[in-house]
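Coordinates as given in final_7.tsv (TSV, C-alpha atoms and all ligand atoms):
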```
chain	number	residue	atom	x	y	z
A	1	MET	CA	0.00	0.00	0.00
A	2	PRO	CA	1.51	3.32	-1.00
A	3	LEU	CA	2.33	5.54	1.92
A	4	PHE	CA	1.41	8.66	0.05
A	5	SER	CA	-1.37	8.13	-2.40
A	6	SER	CA	-2.02	11.63	-3.70
A	7	GLY	CA	1.09	12.22	-5.75
A	8	GLU	CA	-1.15	13.53	-8.51
A	9	GLN	CA	-1.24	17.03	-7.11
A	10	GLY	CA	2.15	18.00	-8.46
A	11	LYS	CA	1.77	15.94	-11.60
A	12	GLU	CA	-1.26	17.73	-12.99
A	13	HIS	CA	0.69	20.96	-13.23
A	14	THR	CA	3.56	19.52	-15.20
A	15	SER	CA	1.43	19.06	-18.29
A	16	THR	CA	3.10	20.35	-21.42
A	17	PRO	CA	1.52	23.15	-23.47
A	18	GLN	CA	0.68	20.57	-26.18
A	19	GLU	CA	-1.30	18.46	-23.76
A	20	THR	CA	-3.07	21.52	-22.49
A	21	ALA	CA	-3.89	22.64	-26.01
A	22	ASN	CA	-5.70	19.38	-26.68
A	23	THR	CA	-8.27	20.25	-24.08
A	24	ASP	CA	-11.04	22.04	-25.86
A	25	SER	CA	-11.32	24.85	-23.40
A	26	ARG	CA	-13.79	26.80	-25.52
A	27	ASP	CA	-16.31	24.00	-25.61
A	28	GLN	CA	-16.01	23.27	-21.91
A	29	PRO	CA	-14.95	26.47	-20.18
A	30	THR	CA	-15.75	25.14	-16.70
A	31	ALA	CA	-14.33	21.66	-17.07
A	32	ARG	CA	-10.88	22.55	-15.77
A	33	LYS	CA	-11.84	24.63	-12.79
A	34	LEU	CA	-13.87	23.88	-9.70
A	35	PRO	CA	-15.33	26.34	-7.19
A	36	PRO	CA	-12.93	26.64	-4.22
A	37	HIS	CA	-15.20	24.79	-1.78
A	38	MET	CA	-15.47	21.84	-4.18
A	39	GLN	CA	-11.75	21.89	-4.80
A	40	ARG	CA	-11.14	21.78	-1.05
A	41	ILE	CA	-13.39	18.75	-0.65
A	42	ILE	CA	-11.52	16.95	-3.42
A	43	ASP	CA	-8.14	17.95	-2.06
A	44	GLU	CA	-9.05	16.83	1.42
A	45	ARG	CA	-10.38	13.57	0.14
A	46	SER	CA	-7.15	12.93	-1.74
A	47	ALA	CA	-4.96	13.95	1.23
A	48	PRO	CA	-2.66	11.12	2.28
A	49	ARG	CA	-4.08	8.60	4.63
A	50	LEU	CA	-1.46	6.99	6.73
A	51	ARG	CA	-1.77	3.56	8.29
A	52	PRO	CA	-2.68	3.86	11.96
A	53	ASP	CA	0.65	2.24	12.80
A	54	ALA	CA	2.75	4.53	10.54
A	55	SER	CA	6.14	5.35	12.01
A	56	VAL	CA	7.19	8.91	12.89
A	57	GLU	CA	9.51	8.83	9.90
A	58	GLU	CA	6.64	7.84	7.57
A	59	GLN	CA	4.44	10.57	8.99
A	60	ARG	CA	7.21	13.13	8.54
A	61	ASN	CA	7.73	12.06	4.92
A	62	ALA	CA	4.01	12.31	4.24
A	63	TYR	CA	3.88	15.85	5.64
A	64	GLU	CA	6.92	16.80	3.61
A	65	ARG	CA	5.30	15.53	0.42
A	66	ARG	CA	2.13	17.48	1.10
A	67	ARG	CA	4.22	20.55	1.79
A	68	MET	CA	6.15	20.12	-1.48
A	69	ALA	CA	2.96	19.66	-3.48
A	70	LEU	CA	1.52	22.86	-2.00
A	71	GLN	CA	4.78	24.69	-2.56
A	72	PHE	CA	4.60	23.62	-6.20
A	73	ASP	CA	1.10	25.13	-6.45
A	74	ILE	CA	2.34	28.35	-4.84
A	75	ASP	CA	5.39	28.56	-7.14
A	76	GLN	CA	3.26	27.98	-10.24
A	77	GLY	CA	0.69	30.49	-9.04
A	78	GLU	CA	3.33	33.13	-8.36
A	79	LEU	CA	4.91	32.48	-11.73
A	80	ALA	CA	1.55	32.76	-13.46
A	81	SER	CA	0.82	36.03	-11.62
A	82	SER	CA	4.18	37.60	-12.44
A	83	PRO	CA	4.42	40.03	-15.38
A	84	GLU	CA	7.05	37.91	-17.16
A	85	ASN	CA	5.59	34.42	-17.23
A	86	PRO	CA	5.93	31.56	-19.72
A	87	TRP	CA	2.19	31.47	-20.46
A	88	SER	CA	2.10	35.14	-21.51
A	89	HIS	CA	5.21	34.57	-23.58
A	90	ARG	CA	3.61	31.64	-25.39
A	91	ILE	CA	0.38	33.64	-25.84
A	92	GLN	CA	2.40	36.39	-27.48
A	93	LEU	CA	4.11	33.93	-29.84
A	94	LEU	CA	0.78	32.34	-30.69
A	95	THR	CA	-0.73	35.78	-31.37
A	96	GLU	CA	2.09	36.55	-33.80
A	97	ALA	CA	1.66	33.18	-35.54
A	98	LEU	CA	-2.07	33.83	-35.71
A	99	ALA	CA	-1.56	37.20	-37.40
A	100	ASP	CA	0.68	35.53	-40.02
A	101	VAL	CA	-1.85	32.78	-40.69
A	102	GLU	CA	-4.69	35.31	-40.96
A	103	ASN	CA	-2.71	37.32	-43.50
A	104	GLU	CA	-1.98	34.17	-45.48
A	105	LEU	CA	-5.65	33.22	-45.27
A	106	ARG	CA	-6.80	36.60	-46.63
A	107	GLU	CA	-4.30	36.23	-49.46
A	108	ALA	CA	-5.35	32.65	-50.20
A	109	GLU	CA	-9.00	33.70	-50.41
A	110	GLN	CA	-8.26	36.23	-53.17
A	111	VAL	CA	-9.55	34.97	-56.50
A	112	VAL	CA	-6.79	35.09	-59.09
A	113	PRO	CA	-7.68	34.53	-62.75
A	114	GLY	CA	-7.35	30.88	-63.76
A	115	PRO	CA	-5.73	29.83	-67.07
A	116	TRP	CA	-8.07	30.03	-70.03
A	117	HIS	CA	-7.99	29.95	-73.81
A	118	PRO	CA	-11.10	29.36	-75.93
A	119	LEU	CA	-11.77	26.05	-77.66
A	120	PRO	CA	-13.82	25.64	-80.83
A	121	ALA	CA	-17.34	24.28	-80.62
A	122	THR	CA	-16.28	21.14	-82.49
A	123	PRO	CA	-19.05	18.57	-81.96
A	124	ILE	CA	-18.31	15.42	-79.98
A	125	ARG	CA	-19.40	12.70	-82.44
A	126	ASP	CA	-19.86	8.94	-82.65
A	127	ILE	CA	-20.96	8.78	-79.03
A	128	ASP	CA	-21.58	5.12	-78.36
A	129	ALA	CA	-21.74	2.79	-75.38
A	130	GLU	CA	-22.02	-0.96	-74.80
A	131	LYS	CA	-23.01	-2.57	-71.59
A	132	ASP	CA	-22.76	-6.20	-70.57
A	133	GLU	CA	-20.83	-7.12	-67.44
A	134	ALA	CA	-18.60	-4.15	-68.06
A	135	VAL	CA	-19.30	-0.83	-69.75
A	136	ARG	CA	-17.42	0.22	-72.91
A	137	LEU	CA	-17.57	3.77	-74.23
A	138	ARG	CA	-16.47	5.54	-77.37
A	139	PHE	CA	-16.61	9.03	-78.83
A	140	SER	CA	-14.57	11.12	-81.19
A	141	ILE	CA	-13.59	14.77	-81.26
A	142	ASP	CA	-12.13	16.42	-84.35
A	143	GLY	CA	-11.07	13.03	-85.79
A	144	GLU	CA	-9.49	11.76	-82.56
A	145	THR	CA	-11.25	8.68	-81.20
A	146	PHE	CA	-11.44	8.03	-77.47
A	147	GLU	CA	-12.29	4.67	-75.95
A	148	PHE	CA	-12.84	3.69	-72.35
A	149	GLU	CA	-13.71	0.41	-70.69
A	150	GLU	CA	-14.25	-0.88	-67.22
A	151	LEU	CA	-11.49	-3.15	-65.99
A	152	LEU	CA	-13.22	-6.25	-64.71
A	153	ASP	CA	-11.52	-8.04	-61.91
A	154	TRP	CA	-12.29	-11.60	-62.98
A	155	ALA	CA	-11.48	-13.01	-59.59
A	156	GLU	CA	-14.24	-10.93	-58.05
A	157	ARG	CA	-16.73	-11.39	-60.86
A	158	GLY	CA	-20.30	-11.28	-59.68
A	159	THR	CA	-19.35	-10.26	-56.15
A	160	GLN	CA	-18.18	-6.74	-56.86
A	161	VAL	CA	-20.12	-4.05	-55.07
A	162	ALA	CA	-18.46	-0.91	-56.52
A	163	ARG	CA	-18.21	-0.34	-60.26
A	164	PRO	CA	-14.91	-1.47	-61.75
A	165	GLU	CA	-12.35	1.15	-62.66
A	166	LEU	CA	-12.95	3.00	-65.94
A	167	VAL	CA	-9.78	2.95	-68.02
A	168	GLN	CA	-8.94	4.95	-71.12
A	169	THR	CA	-7.70	2.61	-73.85
A	170	ARG	CA	-7.56	4.98	-76.82
A	171	GLY	CA	-7.30	8.69	-77.65
A	172	ASP	CA	-4.87	11.51	-76.98
A	173	ALA	CA	-6.24	14.76	-75.55
A	174	ALA	CA	-3.05	16.59	-76.60
A	175	LYS	CA	-4.34	16.49	-80.18
A	176	LEU	CA	-7.33	18.63	-79.16
A	177	VAL	CA	-5.18	21.60	-78.04
A	178	PRO	CA	-5.80	24.36	-80.65
A	179	GLU	CA	-2.87	25.56	-82.79
A	180	ASP	CA	-3.29	29.14	-81.60
A	181	THR	CA	-2.90	28.27	-77.91
A	182	PRO	CA	-0.24	30.49	-76.26
A	183	ASN	CA	2.91	28.52	-75.45
A	184	ASP	CA	2.59	28.77	-71.68
A	185	LEU	CA	-0.98	27.43	-71.85
A	186	VAL	CA	-0.30	24.41	-74.10
A	187	GLU	CA	0.71	22.03	-71.30
A	188	PRO	CA	-1.97	23.21	-68.81
A	189	LEU	CA	-4.63	22.87	-71.53
A	190	ARG	CA	-3.39	19.41	-72.51
A	191	GLN	CA	-3.71	18.32	-68.89
A	192	HIS	CA	-7.09	19.97	-68.50
A	193	LEU	CA	-8.49	18.30	-71.62
A	194	GLY	CA	-7.02	14.95	-70.56
A	195	ASP	CA	-8.93	15.20	-67.27
A	196	SER	CA	-12.09	16.66	-68.81
A	197	VAL	CA	-12.29	13.82	-71.35
A	198	VAL	CA	-12.20	11.36	-68.44
A	199	THR	CA	-14.95	13.31	-66.67
A	200	PHE	CA	-17.02	13.20	-69.87
A	201	ALA	CA	-16.54	9.43	-70.14
A	202	THR	CA	-17.42	8.94	-66.46
A	203	ASP	CA	-20.60	10.97	-66.98
A	204	MET	CA	-21.41	8.82	-70.03
A	205	ARG	CA	-21.04	5.71	-67.91
A	206	ASP	CA	-23.43	7.14	-65.29
A	207	HIS	CA	-25.99	7.73	-68.04
A	208	VAL	CA	-25.53	4.18	-69.35
A	209	LEU	CA	-25.93	2.65	-65.88
A	210	ASP	CA	-29.05	4.75	-65.20
A	211	ASN	CA	-30.45	3.89	-68.66
A	212	ASP	CA	-30.51	7.61	-69.45
A	213	PRO	CA	-29.91	8.91	-72.96
A	214	LEU	CA	-26.27	9.71	-73.75
A	215	PRO	CA	-25.21	13.38	-73.87
A	216	GLN	CA	-26.33	15.10	-77.07
A	217	ASP	CA	-24.92	18.15	-78.84
A	218	ALA	CA	-21.80	18.23	-76.68
A	219	THR	CA	-18.83	20.09	-78.11
A	220	LEU	CA	-15.13	20.40	-77.44
A	221	ALA	CA	-15.83	23.89	-76.01
A	222	ASP	CA	-18.07	22.24	-73.39
A	223	LEU	CA	-14.99	20.42	-72.05
A	224	ALA	CA	-13.34	23.75	-71.17
A	225	LYS	CA	-15.95	26.41	-70.42
A	226	PRO	CA	-14.75	29.41	-68.41
A	227	CYS	CA	-15.28	29.25	-64.64
A	228	PRO	CA	-17.86	31.83	-63.45
A	229	THR	CA	-15.63	32.63	-60.46
A	230	CYS	CA	-12.05	32.76	-61.75
A	231	GLY	CA	-12.47	32.52	-65.52
A	232	GLY	CA	-10.25	29.43	-65.76
A	233	TRP	CA	-11.16	26.19	-67.53
A	234	THR	CA	-13.85	24.04	-66.01
A	235	ASP	CA	-14.36	20.40	-66.89
A	236	TRP	CA	-17.43	18.80	-68.50
A	237	LYS	CA	-19.21	18.79	-65.12
A	238	GLY	CA	-18.30	22.43	-64.39
A	239	ALA	CA	-15.57	21.72	-61.82
A	240	CYS	CA	-12.68	24.21	-61.70
A	241	ASP	CA	-9.23	23.03	-60.57
A	242	THR	CA	-8.03	26.56	-59.83
A	243	CYS	CA	-10.97	27.29	-57.54
A	244	ALA	CA	-10.71	23.86	-55.89
A	245	ALA	CA	-7.02	24.44	-55.12
A	246	ARG	CA	-7.73	27.92	-53.73
A	247	LYS	CA	-10.55	26.61	-51.52
A	248	GLY	CA	-8.40	23.71	-50.34
A	249	ARG	CA	-5.57	26.04	-49.36
A	250	ALA	CA	-7.94	28.47	-47.62
A	251	HIS	CA	-9.58	25.62	-45.72
A	252	GLN	CA	-6.19	24.37	-44.55
A	253	LEU	CA	-5.24	27.84	-43.30
A	254	PHE	CA	-8.61	28.25	-41.62
A	255	GLN	CA	-8.05	25.01	-39.71
A	256	GLU	CA	-4.60	26.18	-38.73
A	257	ARG	CA	-6.04	29.46	-37.50
A	258	ASN	CA	-8.64	27.64	-35.37
A	259	HIS	CA	-5.96	25.40	-33.94
A	260	LEU	CA	-3.80	28.38	-32.93
A	261	MET	CA	-6.77	30.16	-31.35
A	262	LYS	CA	-7.61	27.07	-29.35
A	263	GLU	CA	-4.02	26.73	-28.20
A	264	ARG	CA	-3.90	30.37	-27.22
A	265	SER	CA	-7.08	30.22	-25.16
A	266	ALA	CA	-5.81	27.06	-23.45
A	267	GLU	CA	-2.66	28.93	-22.41
A	268	ALA	CA	-4.70	31.86	-21.09
A	269	GLU	CA	-6.97	29.48	-19.22
A	270	GLU	CA	-4.03	27.66	-17.65
A	271	ARG	CA	-2.44	30.94	-16.55
A	272	HIS	CA	-5.72	32.13	-15.08
A	273	ARG	CA	-6.35	28.85	-13.26
A	274	LEU	CA	-2.91	28.74	-11.68
A	275	ALA	CA	-3.03	32.38	-10.61
A	276	GLU	CA	-6.49	31.92	-9.16
A	277	ARG	CA	-5.39	28.93	-7.09
A	278	LEU	CA	-2.55	30.88	-5.49
A	279	THR	CA	-4.61	32.34	-2.64
A	280	LEU	CA	-6.10	28.97	-1.79
A	281	ALA	CA	-2.69	27.28	-1.94
A	282	ARG	CA	-1.24	29.87	0.45
A	283	HIS	CA	-4.14	29.33	2.87
A	284	ARG	CA	-3.67	25.63	2.77
A	285	MET	CA	0.06	26.00	3.30
A	286	ARG	CA	-0.59	27.96	6.49
A	287	ASP	CA	-3.06	25.28	7.63
A	288	LEU	CA	-0.57	22.55	6.88
A	289	GLU	CA	2.23	24.34	8.71
A	290	ASN	CA	-0.02	24.66	11.76
A	291	GLU	CA	-0.89	21.00	11.50
A	292	ILE	CA	2.80	20.07	11.30
A	293	ALA	CA	3.62	22.29	14.28
A	294	GLN	CA	0.89	20.63	16.33
A	295	TRP	CA	2.08	17.21	15.26
A	296	GLU	CA	5.66	18.03	16.25
A	297	ALA	CA	4.46	19.38	19.59
A	298	SER	CA	2.55	16.16	20.16
A	299	LEU	CA	5.72	14.15	19.57
A	300	LYS	CA	7.49	15.94	22.41
A	301	LYS	CA	4.79	14.99	24.90
B	401	ZN	ZN	-12.48	28.83	-61.01
```
Structure rendered as structure tokens:
Amino acid sequence: MPLFSSGEQGKEHTSTPQETANTDSRDQPTARKLPPHMQRIIDERSAPRLRPDASVEEQRNAYERRRMALQFDIDQGELASSPENPWSHRIQLLTEALADVENELREAEQVVPGPWHPLPATPIRDIDAEKDEAVRLRFSIDGETFEFEELLDWAERGTQVARPELVQTRGDAAKLVPEDTPNDLVEPLRQHLGDSVVTFATDMRDHVLDNDPLPQDATLADLAKPCPTCGGWTDWKGACDTCAARKGRAHQLFQERNHLMKERSAEAEERHRLAERLTLARHRMRDLENEIAQWEASLKK
């Protein structure tokens, strides 16, 4: 049986800032702090209970441990109440980091024009699909034929839940890039059309699987319409890579900002809690010193 069972008192204050930051202090502002009378009840309950036959040496050690734990509270409280304290220092650093992230966030939210160059309204022809166990698709644009088929995993035949992967087996989107495309846009447009052709094929497959009619009157221009937000190319379904990247970056920075704010309020909370406990800790230290004095007096009898 441990002689001194409430060694936790000192331990709870040695938590690192990271551990503290994980506590969501904004969601549960009262979770970390108890009213003083409740705290006293808990502290008294966790005060060391010595065996009735504990030796004088054991009793002295127990008192010393209680005294050290209280002294730790007092030291932390005094540190937290002093003008130059580690919590305020960390709060200042976090505030600076927060300002940087907020600047970056404002910048990331700015819409910059996406790459764009017009494409001719060349019709997408020979649109055709076959469906048995797998789906096969075909269409041609400006003489370039594209073919796609689902890759059946024969081992899982009949048991597959998700649709098999749709694979492009024919066609080169690079051939659709207009002659007059500015040099710096040739490669981005080739990539865009490569992706947009896949989106078109995937949409065709959805129509086939739903027994809906295949897209009619589609043109090459429909694979690269300008984005209403940034003016850059959108794919056949209207998705814009430039806007998606901007939103992704902004979201990441927003999360970072929230994380820093949470960390900062946890630091402030910790500082406040420690400073607030100082008075109580000093009271209890006086009580303990009286108790020790009485105990020592009783030994002399
Ligand atoms: Zn856009």
| query | Could you state the separation of atom CA of A:Ala62 and atom CA of A:Ala281 in Å, given to one decimal place? | reply |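 So the answer is 17.5 Å.
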Enumerate, in order of chain and increasing residue number, the residues of chain A with an atom no farther than 7 Å from ligand ZN 401 (chain B), each with its shortest atom pair and distance in Å to one decimal, counting all atoms listed in the file, as a tab-separated table.
```
residue	atom	partner	partner_atom	distance
A:Gly114	CA	B:ZN401	ZN	6.2
A:Cys227	CA	B:ZN401	ZN	4.6
A:Pro228	CA	B:ZN401	ZN	6.6
A:Thr229	CA	B:ZN401	ZN	5.0
A:Cys230	CA	B:ZN401	ZN	4.0
A:Gly231	CA	B:ZN401	ZN	5.8
A:Gly232	CA	B:ZN401	ZN	5.3
A:Cys240	CA	B:ZN401	ZN	4.7
A:Asp241	CA	B:ZN401	ZN	6.7
A:Thr242	CA	B:ZN401	ZN	5.1
A:Cys243	CA	B:ZN401	ZN	4.1
```
List every residue of stretch 198-238 of chain A that has an atom at most 12 Å from any atom of stretch 174-184 of chain A, giving for each one its closest atom pair and the distance in Å to one decimal, counting only C-alpha atoms, sorted by chain and then by ascending residue number, as CSV.
```
residue,atom,partner,partner_atom,distance
A:Thr219,CA,A:Leu176,CA,11.6
A:Leu220,CA,A:Leu176,CA,8.2
A:Ala221,CA,A:Leu176,CA,10.5
A:Leu223,CA,A:Leu176,CA,10.6
A:Ala224,CA,A:Val177,CA,10.9
```
Selection from above, C-alpha atoms, as an mmCIF file, in the coordinates of the input, can you write it?
```
data_model
loop_
_atom_site.group_PDB
_atom_site.id
_atom_site.type_symbol
_atom_site.label_atom_id
_atom_site.label_comp_id
_atom_site.auth_asym_id
_atom_site.auth_seq_id
_atom_site.Cartn_x
_atom_site.Cartn_y
_atom_site.Cartn_z
ATOM 1 C CA THR A 219 -18.830 20.090 -78.110
ATOM 2 C CA LEU A 220 -15.130 20.400 -77.440
ATOM 3 C CA ALA A 221 -15.830 23.890 -76.010
ATOM 4 C CA LEU A 223 -14.990 20.420 -72.050
ATOM 5 C CA ALA A 224 -13.340 23.750 -71.170
#
```
| query | Of the residues A:Glu57, A:Glu130, A:Asp73, A:Glu104, which is the one nearest to A:Asn211, using only C-alpha atoms? | reply | A:Glu130
Using only C-alpha atoms, I'd like a table of the residues in stretch 146-248 of chain A that come within 12 Å of stretch 252-265 of chain A; for each, show the closest atom pair and its distance in Å rounded to one decimal, ordered by chain and ascending number, as a Markdown table.
```
| residue | atom | partner | partner_atom | distance |
| --- | --- | --- | --- | --- |
| A:Ala245 | CA | A:Gln252 | CA | 10.6 |
| A:Arg246 | CA | A:Gln252 | CA | 10.0 |
| A:Lys247 | CA | A:Gln252 | CA | 8.5 |
| A:Gly248 | CA | A:Gln252 | CA | 6.2 |
```
| remark: Judged by all atoms listed in the file, the minimum distance to A:Gln168 among A:Trp295, A:Phe148, A:Trp116, A:Phe139 is found for A:Phe148
| query | Which polymer residues have any atom within 12 Å of an atom of A:Asp126, counting only C-alpha atoms, with same-chain residues fewer than 5 positions away left out, as a PyMOL selection string? | reply | chain A and resi 137-147+214-218
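Atom CA of A:Glu291 lies 14.6 Å from atom CA of A:Val56.
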| said: Counting only C-alpha atoms, which residues have an atom no more than 6 Å from (-16.1, 17.1, -72.6) in the file's coordinates? Please list them as a ChimeraX atom specification. | reply: /A:196-197,200,220,222-223,236
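Note that atom CA of A:Ala268 and atom CA of A:Ala97 are 15.8 Å apart.
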| Counting all atoms listed in the file, which of A:Met285, A:Ala275, A:Ala121, A:Ala239 gets nearest to A:Pro83? |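 Among the listed residues, A:Ala275 lies closest to A:Pro83.
The residue that comes closest to A:Val101, out of A:Ala134, A:Ala250, A:Leu274, A:Leu288 and on the basis of all atoms listed in the file, is A:Ala250.
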